[in-house]
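Pasting final_7.txt here (compact mmCIF, C-alpha atoms):
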# COMPACT_ATOMS: atom_id res chain seq x y z
CA MET A 274 -31.82 61.30 110.50
CA ALA A 275 -34.66 62.69 108.42
CA LEU A 276 -33.66 60.55 105.45
CA ASN A 277 -34.65 57.41 107.35
CA GLN A 278 -38.23 58.27 106.52
CA LEU A 279 -37.46 58.35 102.82
CA SER A 280 -37.52 54.60 102.49
CA ASP A 281 -40.91 54.28 104.20
CA ARG A 282 -42.42 57.01 102.08
CA LEU A 283 -41.05 55.62 98.84
CA ASP A 284 -42.16 52.11 99.75
CA GLN A 285 -45.72 53.33 100.18
CA ILE A 286 -45.78 54.99 96.80
CA SER A 287 -48.98 54.66 94.80
CA VAL A 288 -49.40 54.30 91.05
CA SER A 289 -50.51 57.92 90.75
CA GLU A 290 -47.34 59.12 92.50
CA LEU A 291 -45.02 57.37 90.08
CA GLY A 292 -45.17 60.36 87.78
CA PHE A 293 -46.10 58.36 84.71
CA GLU A 294 -48.80 56.01 83.60
CA PHE A 295 -48.08 52.51 84.76
CA ASP A 296 -50.20 49.74 83.29
CA ASP A 297 -49.67 46.97 85.82
CA SER A 298 -52.10 44.62 84.04
CA ALA A 299 -49.93 44.69 80.91
CA VAL A 300 -46.92 43.66 82.97
CA TRP A 301 -49.00 40.94 84.63
CA THR A 302 -50.02 39.56 81.22
CA LYS A 303 -46.35 39.29 80.26
CA LEU A 304 -45.48 37.80 83.62
CA GLU A 305 -48.27 35.23 83.39
CA GLY A 306 -47.05 34.27 79.94
CA ARG A 307 -43.55 33.77 81.28
CA LEU A 308 -44.77 31.76 84.25
CA ASN A 309 -46.80 29.52 81.93
CA ASN A 310 -43.84 29.28 79.61
CA SER A 311 -41.51 28.27 82.41
CA ARG A 312 -44.02 25.58 83.40
CA THR A 313 -43.93 24.34 79.80
CA VAL A 314 -40.15 24.59 79.82
CA VAL A 315 -40.03 22.39 82.91
CA TYR A 316 -42.28 19.86 81.17
CA TRP A 317 -40.18 19.84 78.00
CA ARG A 318 -36.98 19.61 80.00
CA ALA A 319 -38.35 16.50 81.67
CA VAL A 320 -39.29 15.05 78.27
CA ALA A 321 -35.87 15.94 76.86
CA ALA A 322 -34.15 14.31 79.85
CA CYS A 323 -36.16 11.12 79.28
CA MET A 324 -35.30 11.13 75.59
CA LEU A 325 -31.65 11.61 76.39
CA LEU A 326 -31.68 8.71 78.82
CA LEU A 327 -33.40 6.56 76.22
CA THR A 328 -30.89 7.44 73.53
CA LEU A 329 -28.07 6.67 75.93
CA PHE A 330 -29.31 3.33 77.21
CA LEU A 331 -31.15 1.96 74.20
CA PRO A 332 -28.04 1.38 72.04
CA ILE A 333 -26.32 -0.37 74.96
CA SER A 334 -29.23 -2.72 75.47
CA LEU A 335 -29.41 -3.35 71.71
CA LEU A 336 -25.73 -4.16 71.60
CA LYS A 337 -26.20 -6.61 74.42
CA GLU A 338 -28.95 -8.31 72.46
CA ILE A 339 -26.70 -8.59 69.38
CA ASP A 340 -23.84 -10.08 71.37
CA LEU A 341 -26.02 -12.73 72.99
CA PRO A 342 -26.55 -15.14 69.98
CA ALA A 343 -22.81 -15.33 69.27
CA ASN A 344 -22.09 -16.52 72.75
CA THR A 345 -24.90 -19.04 72.66
CA LEU A 346 -23.70 -20.48 69.34
CA SER A 347 -20.20 -21.02 70.60
CA GLU A 348 -21.52 -22.71 73.70
CA ILE A 349 -23.66 -25.11 71.70
CA GLU A 350 -21.08 -25.99 69.12
CA GLY A 351 -18.34 -26.20 71.64
CA THR A 352 -16.12 -23.90 69.64
CA SER A 353 -14.76 -20.64 70.72
CA ALA A 354 -16.33 -17.47 69.47
CA ILE A 355 -12.89 -16.25 68.61
CA GLU A 356 -12.33 -19.03 66.08
CA ASN A 357 -15.70 -18.40 64.44
CA SER A 358 -15.12 -14.74 64.19
CA ASP A 359 -11.67 -15.37 62.77
CA LEU A 360 -13.16 -17.46 60.01
CA ILE A 361 -15.81 -14.94 59.23
CA GLN A 362 -13.54 -11.98 59.28
CA ALA A 363 -10.45 -13.54 57.72
CA PRO A 364 -10.90 -12.24 54.13
CA MET A 365 -11.66 -8.77 55.30
CA ILE A 366 -8.59 -8.69 57.50
CA GLU A 367 -6.36 -9.77 54.66
CA ASP A 368 -7.74 -6.99 52.54
CA ASP A 369 -7.14 -4.59 55.34
CA LEU A 370 -3.54 -5.71 55.63
CA LYS A 371 -2.88 -5.23 51.92
CA LYS A 372 -1.11 -2.02 51.34
CA PRO A 373 -1.65 -0.28 48.00
CA ASP A 374 1.99 0.66 47.55
CA LYS A 375 5.06 -0.29 49.37
CA PRO A 376 5.82 2.69 51.52
CA THR A 377 9.29 4.08 51.62
CA TRP A 378 10.35 3.86 55.19
CA LYS A 379 13.06 5.95 56.66
CA LEU A 380 14.83 2.77 57.67
CA ASP A 381 14.95 1.65 54.02
CA LYS A 382 17.11 4.59 53.20
CA LYS A 383 19.55 3.48 55.85
CA GLY A 384 19.60 -0.03 54.46
CA ILE A 385 17.67 -1.45 57.34
CA GLU A 386 14.84 -3.81 56.62
CA PRO A 387 11.50 -2.52 57.84
CA ILE A 388 9.98 -4.44 60.63
CA GLN A 389 7.48 -6.87 59.26
CA LEU A 390 4.11 -6.56 60.77
CA ALA A 391 2.71 -9.73 62.10
CA LYS A 392 -0.74 -10.59 60.93
CA VAL A 393 -3.02 -9.84 63.77
CA THR A 394 -6.49 -11.13 63.42
CA ALA A 395 -9.47 -9.49 64.91
CA ASN A 396 -10.45 -10.82 68.30
CA SER A 397 -6.92 -12.04 68.67
CA PRO A 398 -6.62 -14.87 71.15
CA ALA A 399 -3.66 -13.02 72.56
CA LEU A 400 -6.12 -11.63 74.99
CA GLN A 401 -6.43 -15.02 76.56
CA PRO A 402 -3.99 -15.77 79.35
CA ILE A 403 -0.96 -17.82 78.39
CA GLU A 404 0.09 -20.38 80.91
CA PHE A 405 3.77 -20.90 81.46
CA GLU A 406 4.99 -24.11 82.92
CA ILE A 407 8.39 -23.89 84.45
CA ILE A 408 9.98 -27.27 84.16
CA LYS A 409 12.94 -27.82 86.40
CA VAL A 410 15.26 -30.16 84.68
CA LYS A 411 16.98 -32.00 87.40
CA LYS A 412 20.53 -32.72 86.70
CA PRO A 413 21.33 -36.33 87.52
CA THR A 414 23.27 -36.43 90.72
CA PHE A 415 25.97 -38.67 89.32
CA THR A 416 26.66 -39.77 85.82
CA GLY A 417 28.33 -43.04 84.85
CA GLU A 418 31.66 -41.27 84.79
CA ASP A 419 31.09 -39.96 88.29
CA ILE A 420 30.35 -43.41 89.57
CA SER A 421 33.58 -44.71 88.09
CA ILE A 422 35.45 -41.98 90.00
CA ILE A 423 33.69 -42.95 93.19
CA GLN A 424 34.49 -46.62 92.61
CA ALA A 425 38.12 -45.76 92.00
CA SER A 426 38.21 -43.88 95.27
CA LEU A 427 36.79 -46.85 97.15
CA GLU A 428 39.38 -49.14 95.67
CA THR A 429 42.18 -47.20 97.27
CA PRO A 430 44.20 -49.25 99.81
CA LYS A 431 43.42 -46.78 102.56
CA VAL A 432 40.03 -48.32 103.03
CA GLY A 433 40.34 -51.55 104.93
CA LYS A 434 37.96 -54.48 104.99
CA GLY A 435 35.29 -54.63 107.69
CA ARG A 436 35.25 -50.92 108.18
CA LYS A 437 32.07 -49.00 107.58
CA MET A 438 32.65 -45.97 105.54
CA THR A 439 30.45 -43.07 104.49
CA ILE A 440 30.90 -41.65 101.08
CA ARG A 441 30.14 -38.02 100.46
CA ALA A 442 30.35 -36.75 96.98
CA GLN A 443 29.47 -33.29 95.78
CA TRP A 444 29.90 -31.11 92.81
CA GLN A 445 32.30 -28.32 93.29
CA LYS A 446 33.39 -25.51 91.11
CA SER A 447 36.55 -26.24 89.35
CA PRO A 448 39.39 -24.45 91.08
CA THR A 449 41.12 -23.96 87.74
CA LYS A 450 38.18 -22.94 85.57
CA SER A 451 36.04 -19.98 86.37
CA ASN A 452 33.28 -21.23 84.13
CA VAL A 453 30.58 -22.80 86.23
CA GLU A 454 30.03 -25.46 83.58
CA HIS A 455 33.32 -27.01 84.54
CA GLN A 456 32.74 -28.59 87.86
CA ALA A 457 34.67 -31.21 89.65
CA LEU A 458 33.23 -34.10 91.55
CA LYS A 459 34.87 -34.16 94.92
CA VAL A 460 34.61 -37.45 96.70
CA LYS A 461 35.39 -37.81 100.36
CA LEU A 462 35.30 -40.93 102.45
CA TYR A 463 34.69 -40.78 106.13
CA GLU A 464 34.85 -43.53 108.69
CA LYS A 465 31.48 -43.93 110.26
CA ASN A 466 31.56 -43.75 114.02
CA GLU A 467 29.34 -46.25 115.73
CA MET B 114 -64.32 38.46 96.75
CA LEU B 115 -62.93 37.11 99.98
CA LEU B 116 -59.99 39.22 101.12
CA LEU B 117 -57.05 36.93 101.68
CA ASN B 118 -54.15 37.93 103.87
CA THR B 119 -50.59 37.98 102.52
CA LYS B 120 -49.65 34.73 104.24
CA ASP B 121 -52.51 32.84 102.59
CA LEU B 122 -51.69 34.37 99.24
CA ILE B 123 -48.06 33.33 99.59
CA GLU B 124 -49.00 29.76 100.50
CA LYS B 125 -51.42 29.46 97.60
CA SER B 126 -48.94 31.08 95.24
CA LYS B 127 -46.34 28.55 96.27
CA SER B 128 -48.57 25.76 95.00
CA GLY B 129 -48.86 27.56 91.66
CA ASP B 130 -52.32 29.08 92.11
CA ARG B 131 -52.33 31.69 89.39
CA LYS B 132 -55.13 33.79 90.91
CA SER B 133 -53.27 34.14 94.20
CA GLN B 134 -50.10 35.04 92.35
CA GLN B 135 -52.01 37.74 90.50
CA LEU B 136 -53.42 39.16 93.73
CA LEU B 137 -50.00 39.15 95.31
CA TYR B 138 -48.59 40.92 92.27
CA GLN B 139 -51.37 43.53 92.33
CA ARG B 140 -50.63 44.33 95.97
CA LEU B 141 -46.93 44.81 95.37
CA SER B 142 -46.68 46.08 91.80
CA ALA B 143 -46.94 49.83 92.54
CA PRO B 144 -44.39 50.05 95.38
CA MET B 145 -42.07 47.70 93.50
CA MET B 146 -42.40 49.82 90.40
CA GLY B 147 -41.42 52.72 92.66
CA VAL B 148 -38.26 50.80 93.59
CA CYS B 149 -37.48 50.05 89.95
CA VAL B 150 -37.91 53.63 88.71
CA ARG B 151 -35.59 54.90 91.43
CA TYR B 152 -32.81 52.95 89.80
CA MET B 153 -33.73 52.87 86.13
CA LYS B 154 -33.86 55.95 84.01
CA SER B 155 -36.56 54.91 81.57
CA LYS B 156 -40.01 53.57 82.29
CA GLU B 157 -39.41 50.67 79.90
CA ASP B 158 -36.29 49.56 81.73
CA ALA B 159 -38.14 49.83 85.04
CA GLU B 160 -40.93 47.62 83.69
CA ASP B 161 -38.39 45.07 82.48
CA VAL B 162 -36.83 44.96 85.92
CA LEU B 163 -40.26 44.63 87.53
CA LEU B 164 -41.15 41.73 85.22
CA GLU B 165 -37.86 39.91 85.78
CA GLY B 166 -38.07 40.59 89.50
CA PHE B 167 -41.57 39.17 89.92
CA HIS B 168 -40.64 36.19 87.78
CA LYS B 169 -37.83 35.47 90.22
CA VAL B 170 -40.13 36.06 93.19
CA PHE B 171 -42.61 33.42 92.03
CA LYS B 172 -39.86 31.03 90.98
CA ASN B 173 -38.19 31.25 94.39
CA LEU B 174 -41.29 31.63 96.53
CA LYS B 175 -41.08 28.03 97.73
CA LYS B 176 -37.77 28.86 99.41
CA PHE B 177 -39.33 31.75 101.32
CA THR B 178 -40.66 31.16 104.81
CA TYR B 179 -43.31 33.61 105.88
CA GLU B 180 -42.63 35.49 109.11
CA SER B 181 -44.34 38.83 108.60
CA ASP B 182 -45.72 41.05 105.87
CA ASN B 183 -42.78 43.43 106.30
CA ALA B 184 -40.27 40.59 105.94
CA PHE B 185 -41.97 39.47 102.74
CA PHE B 186 -42.03 43.02 101.42
CA GLY B 187 -38.34 43.38 102.23
CA TRP B 188 -37.54 40.09 100.50
CA VAL B 189 -39.36 41.11 97.32
CA LYS B 190 -37.81 44.57 97.42
CA ARG B 191 -34.33 43.10 97.73
CA ILE B 192 -34.95 40.95 94.66
CA MET B 193 -36.05 44.04 92.74
CA VAL B 194 -32.99 46.04 93.83
CA ASN B 195 -30.66 43.19 92.85
CA GLU B 196 -32.42 42.85 89.53
CA ALA B 197 -32.08 46.61 88.90
CA LEU B 198 -28.38 46.51 89.76
CA MET B 199 -27.90 43.55 87.44
CA LYS B 200 -29.57 45.44 84.62
CA LEU B 201 -27.47 48.55 85.28
CA ARG B 202 -24.30 46.46 85.27
CA LYS B 203 -25.38 44.63 82.11
CA ASN B 204 -26.12 47.89 80.30
CA LYS B 205 -22.89 49.35 81.71
CA ASP B 206 -24.93 52.30 82.90
CA ILE B 207 -23.03 52.76 86.12
CA ARG B 208 -20.28 55.22 85.39
CA VAL B 209 -18.40 56.41 88.40
CA LEU B 210 -17.32 60.00 88.05
CA ALA B 211 -14.08 61.16 89.60
CA ILE B 212 -14.56 63.62 92.41
CA SER B 213 -11.89 65.89 93.80
CA GLU B 214 -13.90 67.60 96.50
CA ASP B 215 -13.53 67.55 100.24
CA LEU B 216 -15.57 64.59 101.41
CA ASP B 217 -15.50 65.68 105.02
CA GLN B 218 -17.83 68.48 104.13
CA GLU B 219 -21.32 67.61 105.42
CA VAL B 220 -24.25 68.16 103.07
CA ASP B 221 -27.62 68.60 104.67
CA VAL B 222 -30.34 67.02 102.57
CA SER B 223 -32.98 66.84 105.29
CA PRO B 224 -35.27 69.18 103.32
CA LEU B 225 -35.78 66.23 100.95
CA SER B 226 -38.10 64.69 103.49
CA LYS B 227 -40.38 67.69 103.19
CA LEU B 228 -40.93 67.08 99.50
CA GLU B 229 -44.02 65.37 98.17
CA THR B 230 -43.35 61.72 97.33
CA GLU B 231 -43.66 62.35 93.60
CA ASP B 232 -41.24 65.30 93.76
CA LEU B 233 -38.88 63.30 95.90
CA LEU B 234 -38.86 60.49 93.35
CA ASN B 235 -38.33 62.93 90.50
CA ALA B 236 -35.47 64.59 92.35
CA ILE B 237 -33.72 61.25 92.90
CA ARG B 238 -34.26 60.22 89.29
CA SER B 239 -32.83 63.48 87.98
CA ILE B 240 -29.29 62.94 89.28
CA PRO B 241 -26.70 60.89 87.30
CA VAL B 242 -27.01 57.14 87.51
CA GLY B 243 -23.77 56.56 89.45
CA TYR B 244 -24.71 59.04 92.20
CA ARG B 245 -28.32 57.92 92.19
CA THR B 246 -27.51 54.26 92.62
CA VAL B 247 -25.23 54.86 95.60
CA PHE B 248 -27.72 57.35 97.11
CA ASN B 249 -30.58 54.85 96.75
CA LEU B 250 -28.59 52.00 98.21
CA TYR B 251 -27.22 53.99 101.14
CA GLU B 252 -29.96 56.43 102.07
CA VAL B 253 -33.08 54.58 100.98
CA GLU B 254 -32.26 50.87 101.25
CA GLY B 255 -29.89 51.28 104.18
CA TYR B 256 -26.85 49.47 102.76
CA TYR B 257 -23.39 50.06 104.20
CA HIS B 258 -20.63 51.45 102.01
CA GLN B 259 -18.86 48.08 102.12
CA GLU B 260 -21.98 46.34 100.77
CA ILE B 261 -22.35 48.99 98.05
CA SER B 262 -18.70 48.57 97.15
CA ASP B 263 -19.21 44.79 96.81
CA GLN B 264 -22.44 45.14 94.83
CA LEU B 265 -21.16 47.71 92.37
CA GLY B 266 -17.53 46.63 92.22
CA ILE B 267 -16.21 49.99 93.39
CA SER B 268 -14.08 50.99 96.36
CA VAL B 269 -15.56 52.14 99.65
CA GLY B 270 -14.00 55.56 99.07
CA THR B 271 -15.67 55.82 95.67
CA SER B 272 -18.99 54.86 97.22
CA LYS B 273 -18.61 57.61 99.80
CA SER B 274 -17.63 60.16 97.19
CA GLN B 275 -20.57 59.24 94.97
CA LEU B 276 -22.92 59.66 97.91
CA PHE B 277 -21.41 63.02 98.75
CA LYS B 278 -21.85 64.23 95.20
CA ALA B 279 -25.41 62.91 95.04
CA LYS B 280 -26.34 64.79 98.20
CA LYS B 281 -24.66 67.93 96.95
CA LEU B 282 -26.59 67.81 93.69
CA LEU B 283 -29.86 67.18 95.47
CA ARG B 284 -29.18 70.05 97.84
CA GLU B 285 -28.49 72.38 94.91
CA MET B 286 -31.73 71.30 93.31
CA LEU B 287 -33.65 71.95 96.50
CA ASP B 288 -32.09 75.41 96.87
CA GLN B 289 -32.91 76.17 93.27
CA LYS B 290 -36.50 75.11 93.83
CA ASN B 291 -36.81 77.24 96.93
CA GLU B 292 -35.42 80.22 95.07
CA ASN B 293 -37.97 79.69 92.32
CA TYR B 294 -40.79 79.50 94.84
CA GLY B 295 -39.45 82.59 96.61
CA SER B 296 -39.20 84.69 93.48

The structure given in the file should be rewritten as structure tokens.
Amino acid sequence: MALNQLSDRLDQISVSELGFEFDDSAVWTKLEGRLNNSRTVVYWRAVAACMLLLTLFLPISLLKEIDLPANTLSEIEGTSAIENSDLIQAPMIEDDLKKPDKPTWKLDKKGIEPIQLAKVTANSPALQPIEFEIIKVKKPTFTGEDISIIQASLETPKVGKGRKMTIRAQWQKSPTKSNVEHQALKVKLYEKNE
Amino acid sequence: MLLLNTKDLIEKSKSGDRKSQQLLYQRLSAPMMGVCVRYMKSKEDAEDVLLEGFHKVFKNLKKFTYESDNAFFGWVKRIMVNEALMKLRKNKDIRVLAISEDLDQEVDVSPLSKLETEDLLNAIRSIPVGYRTVFNLYEVEGYYHQEISDQLGISVGTSKSQLFKAKKLLREMLDQKNENYGS
């Protein structure tokens, strides 16, 4: 197709064939300015990035420095930092907890007492783990009363002299009472086989 | 001054050598201005596109791997075309006109190749921007209708119809010119 040559011809166009006056040096001057500017922009972007990093990390490092003496003091004095801070901050906290006027709660209208807020101090030790010790209170196997029942059982005439017997006693649920608190001591005697 | 080849100029320009960049620009500025004026109506807009285009060329030159002068020329030209299309889209210059003519009708525009380069450029620039853009992309740059449709955000059918209309207008202009010469 003849039009295929169009591209080649147009690509080889000279300044004089453009049909108007084209000052390529003026465009170059602008272009050079932009290229220099973009170089400066790159430089300033790098500076800005450094500044940003500094502003981000400097406060963190300063905070770390401020925190350090408090920890050291508590270590030396052997007291917890929490206690010290409680003492220092106590008046301020009380002021904070003071309310200017008693607010009218919705619950008041219904005759329900508002929930009282517990005083929570700053750096509350509630953050520390609370250890629970589960103490298993062992119920004594037999009380004095139980023993008297066992003795009474042994005194029955069924048990003859010279015979070795095994006594087995255990708590059982009362057959009459559903409440587990009411248990009966069932005593059984067995002849021991030799 | 020692005449450097394009490859050397590219390599030096990559490292930010301003003189090499200037020489490279001087070699390409006229043909690239030719590309820009094909798409842009005003000289000022064409210069803006040329400036933006060369700025992108030098910014992205490090990514370019030299293979041949033609490949480099094609790479720069593609940047210019894309820049021109961006500007046309930004200015909302591309207005696609509805066409209700028979697209199967073939329009012979081969006489265009007989025109002087300056007249050829003027003829292309004289047709409406929508037709001109599609004509440039299809007939001059060698894009497919699908690529034109993607670039301009129009349908393939619209691209074909715009090309048809562009050719028809150019043909009418050529006939008019011939009549004037004949009379």

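We find atom CA of Glu124 of chain B and atom CA of Val162 of chain B to be spaced 24.3 Å apart.
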
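For the pair atom CA of Leu163 of chain B and atom CA of Pro224 of chain B, the separation is 29.6 Å.
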
Find the nearest atom pair between each residue of chain A and chain B for residues within 6 Å, count only C-alpha atoms, give distances in Å to one decimal, sort rows by chain and ascending number, and present the table as a Markdown table.
| residue | atom | partner | partner_atom | distance |
| --- | --- | --- | --- | --- |
| A:Ala275 | CA | B:Ser223 | CA | 5.5 |
| A:Ser280 | CA | B:Val253 | CA | 4.7 |
| A:Asp284 | CA | B:Pro144 | CA | 5.3 |
| A:Gln285 | CA | B:Pro144 | CA | 6.0 |
| A:Ile286 | CA | B:Pro144 | CA | 5.3 |
| A:Ser287 | CA | B:Ala143 | CA | 5.7 |
| A:Val288 | CA | B:Ala143 | CA | 5.3 |
| A:Glu290 | CA | B:Glu231 | CA | 5.0 |

Would you output that residue set with C-alpha atoms, as a PDB file, keeping the file's coordinate frame?
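Result file selection-v3.pdb:
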ATOM      1  CA  ALA A 275     -34.660  62.690 108.420  1.00  0.00           C
ATOM      2  CA  SER A 280     -37.520  54.600 102.490  1.00  0.00           C
ATOM      3  CA  ASP A 284     -42.160  52.110  99.750  1.00  0.00           C
ATOM      4  CA  GLN A 285     -45.720  53.330 100.180  1.00  0.00           C
ATOM      5  CA  ILE A 286     -45.780  54.990  96.800  1.00  0.00           C
ATOM      6  CA  SER A 287     -48.980  54.660  94.800  1.00  0.00           C
ATOM      7  CA  VAL A 288     -49.400  54.300  91.050  1.00  0.00           C
ATOM      8  CA  GLU A 290     -47.340  59.120  92.500  1.00  0.00           C
TER       9      GLU A 290
END

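One distance worth recording is that between atom CA of Asp288 of chain B and atom CA of Arg238 of chain B, which is 17.1 Å.
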
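Remark: for Tyr257 of chain B, the closest of the candidate residues B:Leu282, B:Ile240, B:Leu276, B:Val194 is B:Leu276 (distances computed over all atoms listed in the file).
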
Quick one: of B:Glu260, B:Trp188, B:Val220, B:Ser272, who's nearest to Lys176 of chain B, counting all atoms listed in the file? B:Trp188
